[in-house]
Amino acid sequence: IARVAFKHGLIGFLGLDFVLSYDARSGTHSLMAVDLNPRLTDSATNFMLFDCLINGKFFPALGEYRMMQRKAVEKGKDSSRQNSNVGSSEATLGPKRFYTAINYLYQPQISSLQMNTFFNACRLGNIAYDIQSNQGTVFILIDSFASGALGVLSVGRDLLSEVAIETKGQIPGSRIHDSLVDPGIIDSIQLIVD
């Protein structure tokens with residue numbers, strides 16, 4: 001698709017939207033492209049943020065994103081470094097990481113919260129991002145809390161688990177505990193993950 005777009009003069013970011021369809025008669029799934037977006041898309045920027053947080057590598061053939069772990073190489077063990085006074089490190093494949101993102105959550109009660117109240121409630125609710133294990137939840141401030149909107153990116157070891165399971169669709173610190181996400185959707189996502 002990218003080669004054909006380039007052939008027609010399109011240079012830059014290109015986003016494709018797909019739909020997964022299930023055929024009950026044959027019991028098979030098929031993937032169909034339904035939209036072409038010649039611009040930097042929200043999903044591309046979410047991936048860029050995820051990549052910045054994890055600093056790993058995506059393997060397209062496997063459909064996997066892996067953390068890269070540094071392993072120290074002892075001096076004198078590597079013949080190419082025998083004369084070097086400085087030790088080095090080499091990258092090895094680490095564990096898989098997955099992410100989910102919700103670009104725009106609108107909840108009017110957010111506008112009445114102070115940031116310290118919101119983030120303290122996150123801390124008390126154990127909603128955080130752990131930089132040691134590279135997993136957890138990151139909030140994306142779109143403007144300010146005055147707009148009543150924010151984004152969420154969650155990183156975990158399990159596909160689709162972090163936002164649905166950790167936050168239960170709630171706004172930390174809100175006095176009115178209305179769900180941001182329909183509980184039926186959360187239950188569906190939990191079934192997929194389990």
# chains A, B, ... in the order shown; residues from 1 in each chain; ligands from 1
call {"tool": "residues_around", "arguments": {"residues": "A:Gln135", "least_positions_apart": "5", "cutoff": "6 Å", "atoms": "only C-alpha atoms", "output": "MDAnalysis selection string"}}
result
chainID A and resid 129:130 155:156
call {"tool": "write_last_selection", "arguments": {"atoms": "N, CA, C and O atoms", "output": "short mmCIF file (atom, residue, chain, number, x, y, z; two decimals), in the first residue's frame"}}
result
data_model
loop_
_atom_site.label_atom_id
_atom_site.label_comp_id
_atom_site.auth_asym_id
_atom_site.auth_seq_id
_atom_site.Cartn_x
_atom_site.Cartn_y
_atom_site.Cartn_z
N TYR A 129 2.46 4.51 36.48
CA TYR A 129 3.35 3.88 35.51
C TYR A 129 4.66 3.56 36.22
O TYR A 129 5.31 4.43 36.78
N ASP A 130 5.03 2.29 36.20
CA ASP A 130 6.26 1.83 36.86
C ASP A 130 7.38 1.82 35.83
O ASP A 130 7.37 1.00 34.91
N VAL A 155 0.11 0.35 29.47
CA VAL A 155 1.08 -0.62 28.99
C VAL A 155 1.09 -1.81 29.93
O VAL A 155 1.08 -1.64 31.15
N GLY A 156 1.08 -3.01 29.37
CA GLY A 156 1.10 -4.19 30.22
C GLY A 156 1.66 -5.40 29.50
O GLY A 156 2.05 -5.34 28.34
#
call {"tool": "residues_around", "arguments": {"residues": "A:Phe119", "least_positions_apart": "4", "cutoff": "10 Å", "atoms": "only C-alpha atoms", "output": "list in words"}}
result
Leu113, Gln114, Met115, Arg123, Leu124, Gly125, Ile127, Ala128, Phe139, Pro172 and Gly173 of chain A
call {"tool": "write_last_selection", "arguments": {"atoms": "N, CA, C and O atoms", "output": "JSON list (two decimals), in the first residue's frame"}}
result
[["chain", "number", "residue", "atom", "x", "y", "z"],
["A", 113, "LEU", "N", -11.74, 19.26, 39.07],
["A", 113, "LEU", "CA", -10.65, 18.71, 39.87],
["A", 113, "LEU", "C", -9.37, 19.51, 39.70],
["A", 113, "LEU", "O", -9.09, 20.03, 38.63],
["A", 114, "GLN", "N", -8.62, 19.59, 40.79],
["A", 114, "GLN", "CA", -7.27, 20.13, 40.70],
["A", 114, "GLN", "C", -6.35, 18.97, 40.32],
["A", 114, "GLN", "O", -6.61, 17.82, 40.69],
["A", 115, "MET", "N", -5.27, 19.27, 39.62],
["A", 115, "MET", "CA", -4.37, 18.20, 39.18],
["A", 115, "MET", "C", -3.81, 17.41, 40.36],
["A", 115, "MET", "O", -3.70, 16.19, 40.27],
["A", 123, "ARG", "N", -2.62, 7.79, 42.65],
["A", 123, "ARG", "CA", -1.62, 7.13, 43.50],
["A", 123, "ARG", "C", -2.30, 6.26, 44.54],
["A", 123, "ARG", "O", -1.93, 5.10, 44.73],
["A", 124, "LEU", "N", -3.33, 6.77, 45.17],
["A", 124, "LEU", "CA", -4.06, 6.00, 46.19],
["A", 124, "LEU", "C", -4.78, 4.81, 45.57],
["A", 124, "LEU", "O", -4.94, 3.78, 46.23],
["A", 125, "GLY", "N", -5.22, 4.93, 44.34],
["A", 125, "GLY", "CA", -5.88, 3.83, 43.64],
["A", 125, "GLY", "C", -4.91, 2.91, 42.93],
["A", 125, "GLY", "O", -5.31, 2.04, 42.16],
["A", 127, "ILE", "N", -2.94, 3.54, 40.50],
["A", 127, "ILE", "CA", -2.92, 3.76, 39.05],
["A", 127, "ILE", "C", -1.69, 4.60, 38.77],
["A", 127, "ILE", "O", -1.63, 5.78, 39.09],
["A", 128, "ALA", "N", -0.67, 3.96, 38.21],
["A", 128, "ALA", "CA", 0.61, 4.62, 37.99],
["A", 128, "ALA", "C", 1.35, 3.93, 36.86],
["A", 128, "ALA", "O", 0.92, 2.89, 36.37],
["A", 139, "PHE", "N", -1.46, 9.15, 31.72],
["A", 139, "PHE", "CA", -2.54, 10.05, 31.30],
["A", 139, "PHE", "C", -1.97, 11.09, 30.34],
["A", 139, "PHE", "O", -0.89, 11.62, 30.56],
["A", 172, "PRO", "N", -10.23, 8.83, 38.59],
["A", 172, "PRO", "CA", -9.68, 8.95, 39.92],
["A", 172, "PRO", "C", -9.97, 10.33, 40.52],
["A", 172, "PRO", "O", -9.81, 11.34, 39.86],
["A", 173, "GLY", "N", -10.42, 10.36, 41.76],
["A", 173, "GLY", "CA", -10.67, 11.61, 42.47],
["A", 173, "GLY", "C", -12.03, 12.21, 42.24],
["A", 173, "GLY", "O", -12.38, 13.20, 42.86]]
call {"tool": "select_by_dssp", "arguments": {"residues": "stretch 19-151 of chain A", "states": "helix (DSSP H, G or I)", "output": "PDB file with all heavy atoms, in the first residue's frame"}}
result
ATOM      1  N   ASP A  42      -3.966   9.578  15.296  1.00  0.00           N
ATOM      2  CA  ASP A  42      -3.899   9.403  16.750  1.00  0.00           C
ATOM      3  C   ASP A  42      -3.228   8.084  17.109  1.00  0.00           C
ATOM      4  O   ASP A  42      -2.437   8.017  18.047  1.00  0.00           O
ATOM      5  CB  ASP A  42      -5.305   9.437  17.366  1.00  0.00           C
ATOM      6  CG  ASP A  42      -5.924  10.816  17.327  1.00  0.00           C
ATOM      7  OD1 ASP A  42      -5.183  11.809  17.250  1.00  0.00           O
ATOM      8  OD2 ASP A  42      -7.167  10.896  17.373  1.00  0.00           O
ATOM      9  N   SER A  43      -3.530   7.034  16.365  1.00  0.00           N
ATOM     10  CA  SER A  43      -2.930   5.733  16.691  1.00  0.00           C
ATOM     11  C   SER A  43      -1.420   5.753  16.468  1.00  0.00           C
ATOM     12  O   SER A  43      -0.675   5.112  17.210  1.00  0.00           O
ATOM     13  CB  SER A  43      -3.593   4.609  15.884  1.00  0.00           C
ATOM     14  OG  SER A  43      -3.496   4.857  14.510  1.00  0.00           O
ATOM     15  N   ALA A  44      -0.946   6.506  15.479  1.00  0.00           N
ATOM     16  CA  ALA A  44       0.503   6.620  15.258  1.00  0.00           C
ATOM     17  C   ALA A  44       1.166   7.370  16.404  1.00  0.00           C
ATOM     18  O   ALA A  44       2.232   6.970  16.880  1.00  0.00           O
ATOM     19  CB  ALA A  44       0.787   7.311  13.925  1.00  0.00           C
ATOM     20  N   THR A  45       0.534   8.454  16.872  1.00  0.00           N
ATOM     21  CA  THR A  45       1.133   9.198  17.989  1.00  0.00           C
ATOM     22  C   THR A  45       1.079   8.380  19.279  1.00  0.00           C
ATOM     23  O   THR A  45       1.998   8.449  20.090  1.00  0.00           O
ATOM     24  CB  THR A  45       0.465  10.571  18.185  1.00  0.00           C
ATOM     25  OG1 THR A  45      -0.935  10.400  18.374  1.00  0.00           O
ATOM     26  CG2 THR A  45       0.710  11.478  17.002  1.00  0.00           C
ATOM     27  N   ASN A  46       0.022   7.582  19.453  1.00  0.00           N
ATOM     28  CA  ASN A  46      -0.028   6.695  20.625  1.00  0.00           C
ATOM     29  C   ASN A  46       1.117   5.689  20.577  1.00  0.00           C
ATOM     30  O   ASN A  46       1.763   5.423  21.597  1.00  0.00           O
ATOM     31  CB  ASN A  46      -1.361   5.946  20.693  1.00  0.00           C
ATOM     32  CG  ASN A  46      -2.506   6.846  21.068  1.00  0.00           C
ATOM     33  OD1 ASN A  46      -2.328   7.851  21.738  1.00  0.00           O
ATOM     34  ND2 ASN A  46      -3.692   6.498  20.627  1.00  0.00           N
ATOM     35  N   PHE A  47       1.370   5.118  19.400  1.00  0.00           N
ATOM     36  CA  PHE A  47       2.477   4.170  19.270  1.00  0.00           C
ATOM     37  C   PHE A  47       3.805   4.864  19.549  1.00  0.00           C
ATOM     38  O   PHE A  47       4.696   4.295  20.193  1.00  0.00           O
ATOM     39  CB  PHE A  47       2.502   3.507  17.893  1.00  0.00           C
ATOM     40  CG  PHE A  47       3.660   2.549  17.752  1.00  0.00           C
ATOM     41  CD1 PHE A  47       3.593   1.286  18.322  1.00  0.00           C
ATOM     42  CD2 PHE A  47       4.818   2.930  17.095  1.00  0.00           C
ATOM     43  CE1 PHE A  47       4.671   0.412  18.232  1.00  0.00           C
ATOM     44  CE2 PHE A  47       5.884   2.062  16.992  1.00  0.00           C
ATOM     45  CZ  PHE A  47       5.813   0.798  17.560  1.00  0.00           C
ATOM     46  N   MET A  48       3.961   6.098  19.085  1.00  0.00           N
ATOM     47  CA  MET A  48       5.206   6.832  19.331  1.00  0.00           C
ATOM     48  C   MET A  48       5.429   7.066  20.822  1.00  0.00           C
ATOM     49  O   MET A  48       6.551   6.949  21.316  1.00  0.00           O
ATOM     50  CB  MET A  48       5.198   8.163  18.576  1.00  0.00           C
ATOM     51  CG  MET A  48       5.335   8.024  17.093  1.00  0.00           C
ATOM     52  SD  MET A  48       5.180   9.650  16.311  1.00  0.00           S
ATOM     53  CE  MET A  48       5.111   9.192  14.602  1.00  0.00           C
ATOM     54  N   LEU A  49       4.364   7.393  21.552  1.00  0.00           N
ATOM     55  CA  LEU A  49       4.478   7.568  22.998  1.00  0.00           C
ATOM     56  C   LEU A  49       4.836   6.237  23.660  1.00  0.00           C
ATOM     57  O   LEU A  49       5.726   6.174  24.510  1.00  0.00           O
ATOM     58  CB  LEU A  49       3.177   8.121  23.588  1.00  0.00           C
ATOM     59  CG  LEU A  49       3.127   8.243  25.114  1.00  0.00           C
ATOM     60  CD1 LEU A  49       4.240   9.140  25.649  1.00  0.00           C
ATOM     61  CD2 LEU A  49       1.766   8.764  25.564  1.00  0.00           C
ATOM     62  N   PHE A  50       4.162   5.161  23.280  1.00  0.00           N
ATOM     63  CA  PHE A  50       4.450   3.825  23.790  1.00  0.00           C
ATOM     64  C   PHE A  50       5.913   3.458  23.523  1.00  0.00           C
ATOM     65  O   PHE A  50       6.632   3.004  24.416  1.00  0.00           O
ATOM     66  CB  PHE A  50       3.499   2.822  23.130  1.00  0.00           C
ATOM     67  CG  PHE A  50       3.862   1.380  23.309  1.00  0.00           C
ATOM     68  CD1 PHE A  50       3.726   0.762  24.546  1.00  0.00           C
ATOM     69  CD2 PHE A  50       4.331   0.629  22.249  1.00  0.00           C
ATOM     70  CE1 PHE A  50       4.047  -0.587  24.711  1.00  0.00           C
ATOM     71  CE2 PHE A  50       4.649  -0.709  22.401  1.00  0.00           C
ATOM     72  CZ  PHE A  50       4.510  -1.320  23.637  1.00  0.00           C
ATOM     73  N   ASP A  51       6.369   3.690  22.307  1.00  0.00           N
ATOM     74  CA  ASP A  51       7.745   3.380  21.936  1.00  0.00           C
ATOM     75  C   ASP A  51       8.732   4.201  22.756  1.00  0.00           C
ATOM     76  O   ASP A  51       9.775   3.696  23.179  1.00  0.00           O
ATOM     77  CB  ASP A  51       7.939   3.632  20.437  1.00  0.00           C
ATOM     78  CG  ASP A  51       9.276   3.154  19.915  1.00  0.00           C
ATOM     79  OD1 ASP A  51       9.698   2.034  20.271  1.00  0.00           O
ATOM     80  OD2 ASP A  51       9.908   3.898  19.144  1.00  0.00           O
ATOM     81  N   CYS A  52       8.409   5.454  23.005  1.00  0.00           N
ATOM     82  CA  CYS A  52       9.266   6.324  23.827  1.00  0.00           C
ATOM     83  C   CYS A  52       9.333   5.813  25.265  1.00  0.00           C
ATOM     84  O   CYS A  52      10.401   5.804  25.882  1.00  0.00           O
ATOM     85  CB  CYS A  52       8.728   7.753  23.785  1.00  0.00           C
ATOM     86  SG  CYS A  52       9.705   8.930  24.721  1.00  0.00           S
ATOM     87  N   LEU A  53       8.213   5.368  25.808  1.00  0.00           N
ATOM     88  CA  LEU A  53       8.185   4.851  27.184  1.00  0.00           C
ATOM     89  C   LEU A  53       8.970   3.553  27.320  1.00  0.00           C
ATOM     90  O   LEU A  53       9.714   3.358  28.279  1.00  0.00           O
ATOM     91  CB  LEU A  53       6.740   4.586  27.629  1.00  0.00           C
ATOM     92  CG  LEU A  53       5.864   5.785  27.925  1.00  0.00           C
ATOM     93  CD1 LEU A  53       4.414   5.342  28.086  1.00  0.00           C
ATOM     94  CD2 LEU A  53       6.351   6.516  29.159  1.00  0.00           C
ATOM     95  N   ILE A  54       8.814   2.647  26.369  1.00  0.00           N
ATOM     96  CA  ILE A  54       9.397   1.313  26.465  1.00  0.00           C
ATOM     97  C   ILE A  54      10.818   1.262  25.908  1.00  0.00           C
ATOM     98  O   ILE A  54      11.664   0.548  26.401  1.00  0.00           O
ATOM     99  CB  ILE A  54       8.516   0.272  25.732  1.00  0.00           C
ATOM    100  CG1 ILE A  54       7.099   0.296  26.288  1.00  0.00           C
ATOM    101  CG2 ILE A  54       9.113  -1.125  25.836  1.00  0.00           C
ATOM    102  CD1 ILE A  54       6.987  -0.035  27.745  1.00  0.00           C
ATOM    103  N   SER A  79      36.583 -10.331  21.908  1.00  0.00           N
ATOM    104  CA  SER A  79      37.875 -10.081  21.273  1.00  0.00           C
ATOM    105  C   SER A  79      37.939  -8.713  20.601  1.00  0.00           C
ATOM    106  O   SER A  79      38.996  -8.112  20.526  1.00  0.00           O
ATOM    107  CB  SER A  79      38.184 -11.175  20.248  1.00  0.00           C
ATOM    108  OG  SER A  79      37.199 -11.194  19.241  1.00  0.00           O
ATOM    109  N   SER A  80      36.815  -8.201  20.140  1.00  0.00           N
ATOM    110  CA  SER A  80      36.835  -6.896  19.486  1.00  0.00           C
ATOM    111  C   SER A  80      37.016  -5.768  20.491  1.00  0.00           C
ATOM    112  O   SER A  80      37.311  -4.657  20.129  1.00  0.00           O
ATOM    113  CB  SER A  80      35.549  -6.679  18.684  1.00  0.00           C
ATOM    114  OG  SER A  80      34.445  -6.615  19.555  1.00  0.00           O
ATOM    115  N   ARG A  81      36.852  -6.040  21.767  1.00  0.00           N
ATOM    116  CA  ARG A  81      36.956  -5.018  22.797  1.00  0.00           C
ATOM    117  C   ARG A  81      38.152  -5.260  23.726  1.00  0.00           C
ATOM    118  O   ARG A  81      38.256  -4.631  24.750  1.00  0.00           O
ATOM    119  CB  ARG A  81      35.686  -4.999  23.642  1.00  0.00           C
ATOM    120  CG  ARG A  81      34.456  -4.662  22.837  1.00  0.00           C
ATOM    121  CD  ARG A  81      33.826  -3.466  23.439  1.00  0.00           C
ATOM    122  NE  ARG A  81      32.650  -3.121  22.708  1.00  0.00           N
ATOM    123  CZ  ARG A  81      32.431  -1.898  22.252  1.00  0.00           C
ATOM    124  NH1 ARG A  81      33.292  -0.958  22.475  1.00  0.00           N
ATOM    125  NH2 ARG A  81      31.333  -1.632  21.606  1.00  0.00           N
ATOM    126  N   PRO A 108     -17.216  15.738  32.293  1.00  0.00           N
ATOM    127  CA  PRO A 108     -17.304  17.109  32.793  1.00  0.00           C
ATOM    128  C   PRO A 108     -16.752  17.300  34.210  1.00  0.00           C
ATOM    129  O   PRO A 108     -16.233  18.363  34.530  1.00  0.00           O
ATOM    130  CB  PRO A 108     -18.802  17.425  32.756  1.00  0.00           C
ATOM    131  CG  PRO A 108     -19.391  16.443  31.817  1.00  0.00           C
ATOM    132  CD  PRO A 108     -18.524  15.227  31.853  1.00  0.00           C
ATOM    133  N   GLN A 109     -16.831  16.258  35.065  1.00  0.00           N
ATOM    134  CA  GLN A 109     -16.349  16.391  36.441  1.00  0.00           C
ATOM    135  C   GLN A 109     -14.841  16.616  36.525  1.00  0.00           C
ATOM    136  O   GLN A 109     -14.343  17.123  37.523  1.00  0.00           O
ATOM    137  CB  GLN A 109     -16.730  15.166  37.287  1.00  0.00           C
ATOM    138  CG  GLN A 109     -18.200  15.091  37.629  1.00  0.00           C
ATOM    139  CD  GLN A 109     -19.021  14.442  36.524  1.00  0.00           C
ATOM    140  OE1 GLN A 109     -18.501  14.003  35.506  1.00  0.00           O
ATOM    141  NE2 GLN A 109     -20.326  14.399  36.705  1.00  0.00           N
ATOM    142  N   ILE A 110     -14.111  16.236  35.495  1.00  0.00           N
ATOM    143  CA  ILE A 110     -12.660  16.453  35.504  1.00  0.00           C
ATOM    144  C   ILE A 110     -12.342  17.933  35.621  1.00  0.00           C
ATOM    145  O   ILE A 110     -11.389  18.324  36.293  1.00  0.00           O
ATOM    146  CB  ILE A 110     -11.995  15.859  34.239  1.00  0.00           C
ATOM    147  CG1 ILE A 110     -12.037  14.342  34.280  1.00  0.00           C
ATOM    148  CG2 ILE A 110     -10.546  16.331  34.108  1.00  0.00           C
ATOM    149  CD1 ILE A 110     -11.487  13.688  33.041  1.00  0.00           C
ATOM    150  N   SER A 111     -13.145  18.775  34.989  1.00  0.00           N
ATOM    151  CA  SER A 111     -12.852  20.216  34.988  1.00  0.00           C
ATOM    152  C   SER A 111     -12.908  20.823  36.383  1.00  0.00           C
ATOM    153  O   SER A 111     -12.301  21.856  36.641  1.00  0.00           O
ATOM    154  CB  SER A 111     -13.803  20.957  34.043  1.00  0.00           C
ATOM    155  OG  SER A 111     -15.138  20.808  34.475  1.00  0.00           O
ATOM    156  N   SER A 112     -13.611  20.183  37.316  1.00  0.00           N
ATOM    157  CA  SER A 112     -13.679  20.714  38.681  1.00  0.00           C
ATOM    158  C   SER A 112     -12.551  20.198  39.576  1.00  0.00           C
ATOM    159  O   SER A 112     -12.412  20.639  40.708  1.00  0.00           O
ATOM    160  CB  SER A 112     -15.035  20.382  39.314  1.00  0.00           C
ATOM    161  OG  SER A 112     -15.156  18.978  39.474  1.00  0.00           O
ATOM    162  N   MET A 115      -5.267  19.273  39.622  1.00  0.00           N
ATOM    163  CA  MET A 115      -4.370  18.203  39.182  1.00  0.00           C
ATOM    164  C   MET A 115      -3.811  17.409  40.357  1.00  0.00           C
ATOM    165  O   MET A 115      -3.702  16.189  40.274  1.00  0.00           O
ATOM    166  CB  MET A 115      -3.239  18.766  38.335  1.00  0.00           C
ATOM    167  CG  MET A 115      -3.669  19.087  36.934  1.00  0.00           C
ATOM    168  SD  MET A 115      -2.252  19.283  35.873  1.00  0.00           S
ATOM    169  CE  MET A 115      -3.056  19.911  34.440  1.00  0.00           C
ATOM    170  N   ASN A 116      -3.459  18.096  41.449  1.00  0.00           N
ATOM    171  CA  ASN A 116      -2.896  17.349  42.587  1.00  0.00           C
ATOM    172  C   ASN A 116      -3.922  16.388  43.187  1.00  0.00           C
ATOM    173  O   ASN A 116      -3.577  15.292  43.620  1.00  0.00           O
ATOM    174  CB  ASN A 116      -2.315  18.290  43.639  1.00  0.00           C
ATOM    175  CG  ASN A 116      -3.358  19.188  44.275  1.00  0.00           C
ATOM    176  OD1 ASN A 116      -4.431  19.408  43.714  1.00  0.00           O
ATOM    177  ND2 ASN A 116      -3.046  19.727  45.439  1.00  0.00           N
ATOM    178  N   THR A 117      -5.200  16.744  43.173  1.00  0.00           N
ATOM    179  CA  THR A 117      -6.248  15.854  43.669  1.00  0.00           C
ATOM    180  C   THR A 117      -6.383  14.637  42.763  1.00  0.00           C
ATOM    181  O   THR A 117      -6.464  13.498  43.223  1.00  0.00           O
ATOM    182  CB  THR A 117      -7.604  16.592  43.730  1.00  0.00           C
ATOM    183  OG1 THR A 117      -7.461  17.751  44.559  1.00  0.00           O
ATOM    184  CG2 THR A 117      -8.703  15.708  44.267  1.00  0.00           C
ATOM    185  N   PHE A 118      -6.392  14.887  41.466  1.00  0.00           N
ATOM    186  CA  PHE A 118      -6.507  13.804  40.490  1.00  0.00           C
ATOM    187  C   PHE A 118      -5.353  12.817  40.621  1.00  0.00           C
ATOM    188  O   PHE A 118      -5.554  11.611  40.743  1.00  0.00           O
ATOM    189  CB  PHE A 118      -6.557  14.390  39.070  1.00  0.00           C
ATOM    190  CG  PHE A 118      -6.601  13.348  37.985  1.00  0.00           C
ATOM    191  CD1 PHE A 118      -7.800  12.758  37.633  1.00  0.00           C
ATOM    192  CD2 PHE A 118      -5.445  12.967  37.321  1.00  0.00           C
ATOM    193  CE1 PHE A 118      -7.849  11.792  36.624  1.00  0.00           C
ATOM    194  CE2 PHE A 118      -5.485  12.014  36.318  1.00  0.00           C
ATOM    195  CZ  PHE A 118      -6.688  11.427  35.971  1.00  0.00           C
ATOM    196  N   PHE A 119      -4.119  13.324  40.599  1.00  0.00           N
ATOM    197  CA  PHE A 119      -2.961  12.432  40.626  1.00  0.00           C
ATOM    198  C   PHE A 119      -2.755  11.786  41.991  1.00  0.00           C
ATOM    199  O   PHE A 119      -2.239  10.663  42.071  1.00  0.00           O
ATOM    200  CB  PHE A 119      -1.716  13.145  40.118  1.00  0.00           C
ATOM    201  CG  PHE A 119      -1.765  13.377  38.631  1.00  0.00           C
ATOM    202  CD1 PHE A 119      -1.902  14.649  38.109  1.00  0.00           C
ATOM    203  CD2 PHE A 119      -1.728  12.307  37.755  1.00  0.00           C
ATOM    204  CE1 PHE A 119      -1.980  14.850  36.748  1.00  0.00           C
ATOM    205  CE2 PHE A 119      -1.805  12.494  36.383  1.00  0.00           C
ATOM    206  CZ  PHE A 119      -1.928  13.770  35.871  1.00  0.00           C
ATOM    207  N   ASN A 120      -3.179  12.452  43.062  1.00  0.00           N
ATOM    208  CA  ASN A 120      -3.137  11.804  44.381  1.00  0.00           C
ATOM    209  C   ASN A 120      -4.136  10.648  44.422  1.00  0.00           C
ATOM    210  O   ASN A 120      -3.835   9.578  44.959  1.00  0.00           O
ATOM    211  CB  ASN A 120      -3.428  12.804  45.497  1.00  0.00           C
ATOM    212  CG  ASN A 120      -3.203  12.199  46.856  1.00  0.00           C
ATOM    213  OD1 ASN A 120      -2.184  11.544  47.102  1.00  0.00           O
ATOM    214  ND2 ASN A 120      -4.160  12.400  47.757  1.00  0.00           N
ATOM    215  N   ALA A 121      -5.308  10.847  43.855  1.00  0.00           N
ATOM    216  CA  ALA A 121      -6.297   9.759  43.795  1.00  0.00           C
ATOM    217  C   ALA A 121      -5.773   8.606  42.935  1.00  0.00           C
ATOM    218  O   ALA A 121      -6.003   7.435  43.250  1.00  0.00           O
ATOM    219  CB  ALA A 121      -7.621  10.282  43.239  1.00  0.00           C
ATOM    220  N   CYS A 122      -5.055   8.930  41.872  1.00  0.00           N
ATOM    221  CA  CYS A 122      -4.425   7.874  41.059  1.00  0.00           C
ATOM    222  C   CYS A 122      -3.442   7.087  41.908  1.00  0.00           C
ATOM    223  O   CYS A 122      -3.433   5.850  41.882  1.00  0.00           O
ATOM    224  CB  CYS A 122      -3.689   8.478  39.863  1.00  0.00           C
ATOM    225  SG  CYS A 122      -4.751   9.135  38.588  1.00  0.00           S
ATOM    226  N   ARG A 123      -2.615   7.793  42.649  1.00  0.00           N
ATOM    227  CA  ARG A 123      -1.620   7.132  43.498  1.00  0.00           C
ATOM    228  C   ARG A 123      -2.301   6.259  44.535  1.00  0.00           C
ATOM    229  O   ARG A 123      -1.925   5.097  44.730  1.00  0.00           O
ATOM    230  CB  ARG A 123      -0.740   8.185  44.182  1.00  0.00           C
ATOM    231  CG  ARG A 123       0.396   7.614  45.010  1.00  0.00           C
ATOM    232  CD  ARG A 123       1.201   8.708  45.684  1.00  0.00           C
ATOM    233  NE  ARG A 123       0.430   9.541  46.576  1.00  0.00           N
ATOM    234  CZ  ARG A 123       0.048   9.200  47.814  1.00  0.00           C
ATOM    235  NH1 ARG A 123       0.357   8.032  48.299  1.00  0.00           N
ATOM    236  NH2 ARG A 123      -0.644  10.027  48.553  1.00  0.00           N
ATOM    237  N   LEU A 124      -3.332   6.772  45.168  1.00  0.00           N
ATOM    238  CA  LEU A 124      -4.057   6.004  46.187  1.00  0.00           C
ATOM    239  C   LEU A 124      -4.777   4.806  45.574  1.00  0.00           C
ATOM    240  O   LEU A 124      -4.941   3.777  46.227  1.00  0.00           O
ATOM    241  CB  LEU A 124      -5.050   6.896  46.929  1.00  0.00           C
ATOM    242  CG  LEU A 124      -4.423   7.992  47.802  1.00  0.00           C
ATOM    243  CD1 LEU A 124      -5.504   8.906  48.369  1.00  0.00           C
ATOM    244  CD2 LEU A 124      -3.576   7.397  48.910  1.00  0.00           C
ATOM    245  N   PHE A 145      -7.295  20.391  32.571  1.00  0.00           N
ATOM    246  CA  PHE A 145      -8.488  19.755  33.127  1.00  0.00           C
ATOM    247  C   PHE A 145      -9.738  20.594  32.859  1.00  0.00           C
ATOM    248  O   PHE A 145     -10.848  20.082  32.901  1.00  0.00           O
ATOM    249  CB  PHE A 145      -8.337  19.524  34.622  1.00  0.00           C
ATOM    250  CG  PHE A 145      -7.522  18.294  34.966  1.00  0.00           C
ATOM    251  CD1 PHE A 145      -7.172  18.047  36.271  1.00  0.00           C
ATOM    252  CD2 PHE A 145      -7.131  17.380  34.012  1.00  0.00           C
ATOM    253  CE1 PHE A 145      -6.448  16.915  36.615  1.00  0.00           C
ATOM    254  CE2 PHE A 145      -6.408  16.251  34.332  1.00  0.00           C
ATOM    255  CZ  PHE A 145      -6.068  16.020  35.639  1.00  0.00           C
ATOM    256  N   ALA A 146      -9.570  21.874  32.565  1.00  0.00           N
ATOM    257  CA  ALA A 146     -10.717  22.745  32.298  1.00  0.00           C
ATOM    258  C   ALA A 146     -11.534  22.257  31.106  1.00  0.00           C
ATOM    259  O   ALA A 146     -12.739  22.487  31.032  1.00  0.00           O
ATOM    260  CB  ALA A 146     -10.255  24.176  32.067  1.00  0.00           C
ATOM    261  N   SER A 147     -10.898  21.567  30.172  1.00  0.00           N
ATOM    262  CA  SER A 147     -11.603  21.074  28.987  1.00  0.00           C
ATOM    263  C   SER A 147     -12.472  19.859  29.298  1.00  0.00           C
ATOM    264  O   SER A 147     -13.335  19.496  28.517  1.00  0.00           O
ATOM    265  CB  SER A 147     -10.605  20.710  27.888  1.00  0.00           C
ATOM    266  OG  SER A 147      -9.838  19.582  28.275  1.00  0.00           O
TER     267      SER A 147
END
call {"tool": "atom_distance", "arguments": {"atom1": "atom CA of A:Thr100", "atom2": "atom CA of A:Gly148"}}
result
20.8 Å
call {"tool": "atom_distance", "arguments": {"atom1": "atom CA of A:Met67", "atom2": "atom CA of A:Phe98"}}
result
10.3 Å
call {"tool": "atom_distance", "arguments": {"atom1": "atom CA of A:Arg66", "atom2": "atom CA of A:Pro95"}}
result
5.6 Å
